[in-house]
Structures are given as C-alpha cells and as structure tokens.
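*Asks:* Would you mind keeping the following structure in view while I ask a few things?
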Amino acid sequence: MGYIHCCGAMRRTKTYFVKPEDGFSLCRVDYLDECPVCGHTVVQLTRKTEDNKVSIIRKVNQKAVKFFDRLKRLILYEQEDYKPVIPPINRNNWCYSEFGKKRFCSSNLSTLKIGKYENIDFYKDDNVILKS
C-alpha cells in the first residue's frame, strides 16, 4: 500500500508496479479510487531513472480513469498489504523516571532525586506541614 497526498492528508492507495520503459529503472502506480473528503479519483505514476532522478505524473478524475486504463496492460504485479513488525516491549524497564522525564540511561543513579522532599510532621492540630 502506498500513499497519495489529497485534501491535506495522506490517503492509502493501491500500489502497482509497471514494466519500466525508456531508460527508467523503476515505475510505480498509486491508485486512489475515491478520496473520502472530495470524492476525486487520483492516479500517480512515479518513475525513477538510473541516475536516481524522479519524475511524477499525476491525473485526477476522468483523466485519471483513462490514464489507469492505458497502464493496466503494463502492470507486472500489485504490492501486497503488509503489517509492520513491532518488536516486543520489555515491561520491566519503562523509559520514564519518577518525575515523568525520559531516562536515557537506567544505570545513572546520580540523576535520581531520592529524598527530595523531607518527611511530613504531624502536630497536635492535625495540620500537615512540610519542612523546607
């Protein structure tokens, strides 16, 4: 799955790889059937030369449908949708300290603020007073 920028957001598209011609090393077609905001059909052909120069052809609505029909005979295969691999999380060691700031090294004990606040004293009046 690829993405096309339409109506201020990136929209998921079907991605097809096309047979490269005329000195291009890679040709890719992204096809957005219907934008959820504006309802346009968008086709974008991205070609890369051997010199790593990129050219983009973009068509919208009726021109996009005609352009995609001409490209159908050149399609080699469709890119399959894949799920990204998310590594497992070690829940024993969170990346935040007790103050909500991100820790960069868990073995650095000099940054811990143990004893930052002194003990609380209780008096006869049941008032809680912090020593400062």
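Residue numbers start at 1 in each chain; chains themselves are named A, B, ... in the order of the structure tokens; ligands are numbered from 1 in the order shown.
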Which residues are close to stretch 25-28 of chain A, i.e. within 8 Å by only C-alpha atoms, leaving aside same-chain residues fewer than 2 positions away? Reply as a PyMOL selection string.
*Replies:* chain A and resi 15-21+23+30+45-50
*Asks:* Need to verify the contact set: A:Val43, 9 Å, only C-alpha atoms, exclusion of same-chain residues closer than 3 positions in sequence. Can you return it as a count of residues only?
*Replies:* 16
*Asks:* So which residues of stretch 25-83 of chain A fall under strand (DSSP E or B) by DSSP, listed as a list of chain:residue names?
*Replies:* A:Ser25, A:Leu26, A:Cys27, A:Arg28, A:Val29, A:Asp30, A:Tyr31, A:Leu32, A:Val42, A:Val43, A:Gln44, A:Leu45, A:Thr46, A:Arg47, A:Lys48, A:Thr49, A:Val54, A:Ser55, A:Ile56, A:Ile57, A:Arg58, A:Lys59, A:Val60, A:Ile75, A:Leu76, A:Tyr77, A:Glu78
*Asks:* Using only C-alpha atoms, which residue out of A:Lys14, A:Tyr3, A:Gln44, A:Gly8 lies closest to A:Tyr77?
*Replies:* A:Lys14
*Asks:* Using only C-alpha atoms, which residues sit within 10 Å of A:His5 once same-chain residues fewer than 4 positions away are excluded, as a PyMOL selection string?
*Replies:* chain A and resi 9-12+35+42
*Asks:* Grab the residues selected above and save them as a PDB file, in the first residue's frame with N, CA and C atoms.
*Replies:*
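Resulting contents of out_14.pdb:
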```
ATOM      1  N   ALA A   9      -4.151  15.592   3.458  1.00  0.00           N
ATOM      2  CA  ALA A   9      -3.787  14.405   4.233  1.00  0.00           C
ATOM      3  C   ALA A   9      -3.251  13.333   3.295  1.00  0.00           C
ATOM      4  N   MET A  10      -2.580  12.355   3.876  1.00  0.00           N
ATOM      5  CA  MET A  10      -2.065  11.233   3.103  1.00  0.00           C
ATOM      6  C   MET A  10      -3.141  10.151   3.059  1.00  0.00           C
ATOM      7  N   ARG A  11      -3.533   9.745   1.857  1.00  0.00           N
ATOM      8  CA  ARG A  11      -4.585   8.743   1.660  1.00  0.00           C
ATOM      9  C   ARG A  11      -3.954   7.429   1.199  1.00  0.00           C
ATOM     10  N   ARG A  12      -4.431   6.312   1.761  1.00  0.00           N
ATOM     11  CA  ARG A  12      -3.926   4.993   1.385  1.00  0.00           C
ATOM     12  C   ARG A  12      -4.398   4.631  -0.016  1.00  0.00           C
ATOM     13  N   CYS A  35     -11.322   9.722  -2.959  1.00  0.00           N
ATOM     14  CA  CYS A  35     -10.883  10.453  -1.770  1.00  0.00           C
ATOM     15  C   CYS A  35     -12.072  10.569  -0.817  1.00  0.00           C
ATOM     16  N   VAL A  42      -7.723   9.597  -8.088  1.00  0.00           N
ATOM     17  CA  VAL A  42      -6.374  10.111  -8.333  1.00  0.00           C
ATOM     18  C   VAL A  42      -5.463   8.955  -8.725  1.00  0.00           C
TER      19      VAL A  42
END
```
*Asks:* Would you mind reading off the distance between atom CA of A:Thr13 and atom CA of A:Arg73, one decimal, in Å?
*Replies:* 19.2 Å
*Asks:* Looking at A:Glu34, A:Val54, A:Lys66, A:Gly2, which one is nearest to A:Glu78, with distances taken over only C-alpha atoms?
*Replies:*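 Smallest distance to A:Glu78 is found for A:Gly2.
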*Asks:* When DSSP is applied to the backbone of this structure, which of stretch 8-92 of chain A are assigned alpha helix (DSSP H)? Write them out as a PDB file with N, CA, C and O atoms, in the first residue's frame.
*Replies:*
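Ended up saving to states33.pdb:
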```
ATOM      1  N   GLN A  62     -11.679  12.035 -14.489  1.00  0.00           N
ATOM      2  CA  GLN A  62     -11.834  11.290 -15.741  1.00  0.00           C
ATOM      3  C   GLN A  62     -10.497  11.028 -16.432  1.00  0.00           C
ATOM      4  O   GLN A  62     -10.285   9.953 -16.994  1.00  0.00           O
ATOM      5  N   LYS A  63      -9.591  11.979 -16.375  1.00  0.00           N
ATOM      6  CA  LYS A  63      -8.270  11.778 -16.959  1.00  0.00           C
ATOM      7  C   LYS A  63      -7.529  10.666 -16.221  1.00  0.00           C
ATOM      8  O   LYS A  63      -6.774   9.911 -16.832  1.00  0.00           O
ATOM      9  N   ALA A  64      -7.751  10.553 -14.911  1.00  0.00           N
ATOM     10  CA  ALA A  64      -7.105   9.512 -14.125  1.00  0.00           C
ATOM     11  C   ALA A  64      -7.626   8.132 -14.514  1.00  0.00           C
ATOM     12  O   ALA A  64      -6.851   7.181 -14.628  1.00  0.00           O
ATOM     13  N   VAL A  65      -8.917   8.009 -14.735  1.00  0.00           N
ATOM     14  CA  VAL A  65      -9.503   6.724 -15.124  1.00  0.00           C
ATOM     15  C   VAL A  65      -8.975   6.293 -16.485  1.00  0.00           C
ATOM     16  O   VAL A  65      -8.583   5.133 -16.676  1.00  0.00           O
ATOM     17  N   LYS A  66      -8.921   7.205 -17.447  1.00  0.00           N
ATOM     18  CA  LYS A  66      -8.399   6.889 -18.780  1.00  0.00           C
ATOM     19  C   LYS A  66      -6.914   6.532 -18.719  1.00  0.00           C
ATOM     20  O   LYS A  66      -6.455   5.600 -19.392  1.00  0.00           O
ATOM     21  N   PHE A  67      -6.155   7.274 -17.918  1.00  0.00           N
ATOM     22  CA  PHE A  67      -4.726   7.025 -17.772  1.00  0.00           C
ATOM     23  C   PHE A  67      -4.473   5.649 -17.150  1.00  0.00           C
ATOM     24  O   PHE A  67      -3.600   4.907 -17.598  1.00  0.00           O
ATOM     25  N   PHE A  68      -5.258   5.288 -16.139  1.00  0.00           N
ATOM     26  CA  PHE A  68      -5.086   3.993 -15.485  1.00  0.00           C
ATOM     27  C   PHE A  68      -5.479   2.851 -16.429  1.00  0.00           C
ATOM     28  O   PHE A  68      -4.848   1.795 -16.411  1.00  0.00           O
ATOM     29  N   ASP A  69      -6.501   3.040 -17.256  1.00  0.00           N
ATOM     30  CA  ASP A  69      -6.885   2.007 -18.227  1.00  0.00           C
ATOM     31  C   ASP A  69      -5.763   1.749 -19.233  1.00  0.00           C
ATOM     32  O   ASP A  69      -5.543   0.607 -19.643  1.00  0.00           O
ATOM     33  N   ARG A  70      -5.046   2.807 -19.638  1.00  0.00           N
ATOM     34  CA  ARG A  70      -3.922   2.618 -20.556  1.00  0.00           C
ATOM     35  C   ARG A  70      -2.758   1.898 -19.878  1.00  0.00           C
ATOM     36  O   ARG A  70      -2.003   1.175 -20.531  1.00  0.00           O
ATOM     37  N   LEU A  71      -2.598   2.097 -18.550  1.00  0.00           N
ATOM     38  CA  LEU A  71      -1.483   1.479 -17.831  1.00  0.00           C
ATOM     39  C   LEU A  71      -1.767   0.039 -17.399  1.00  0.00           C
ATOM     40  O   LEU A  71      -0.842  -0.678 -17.025  1.00  0.00           O
TER      41      LEU A  71
END
```
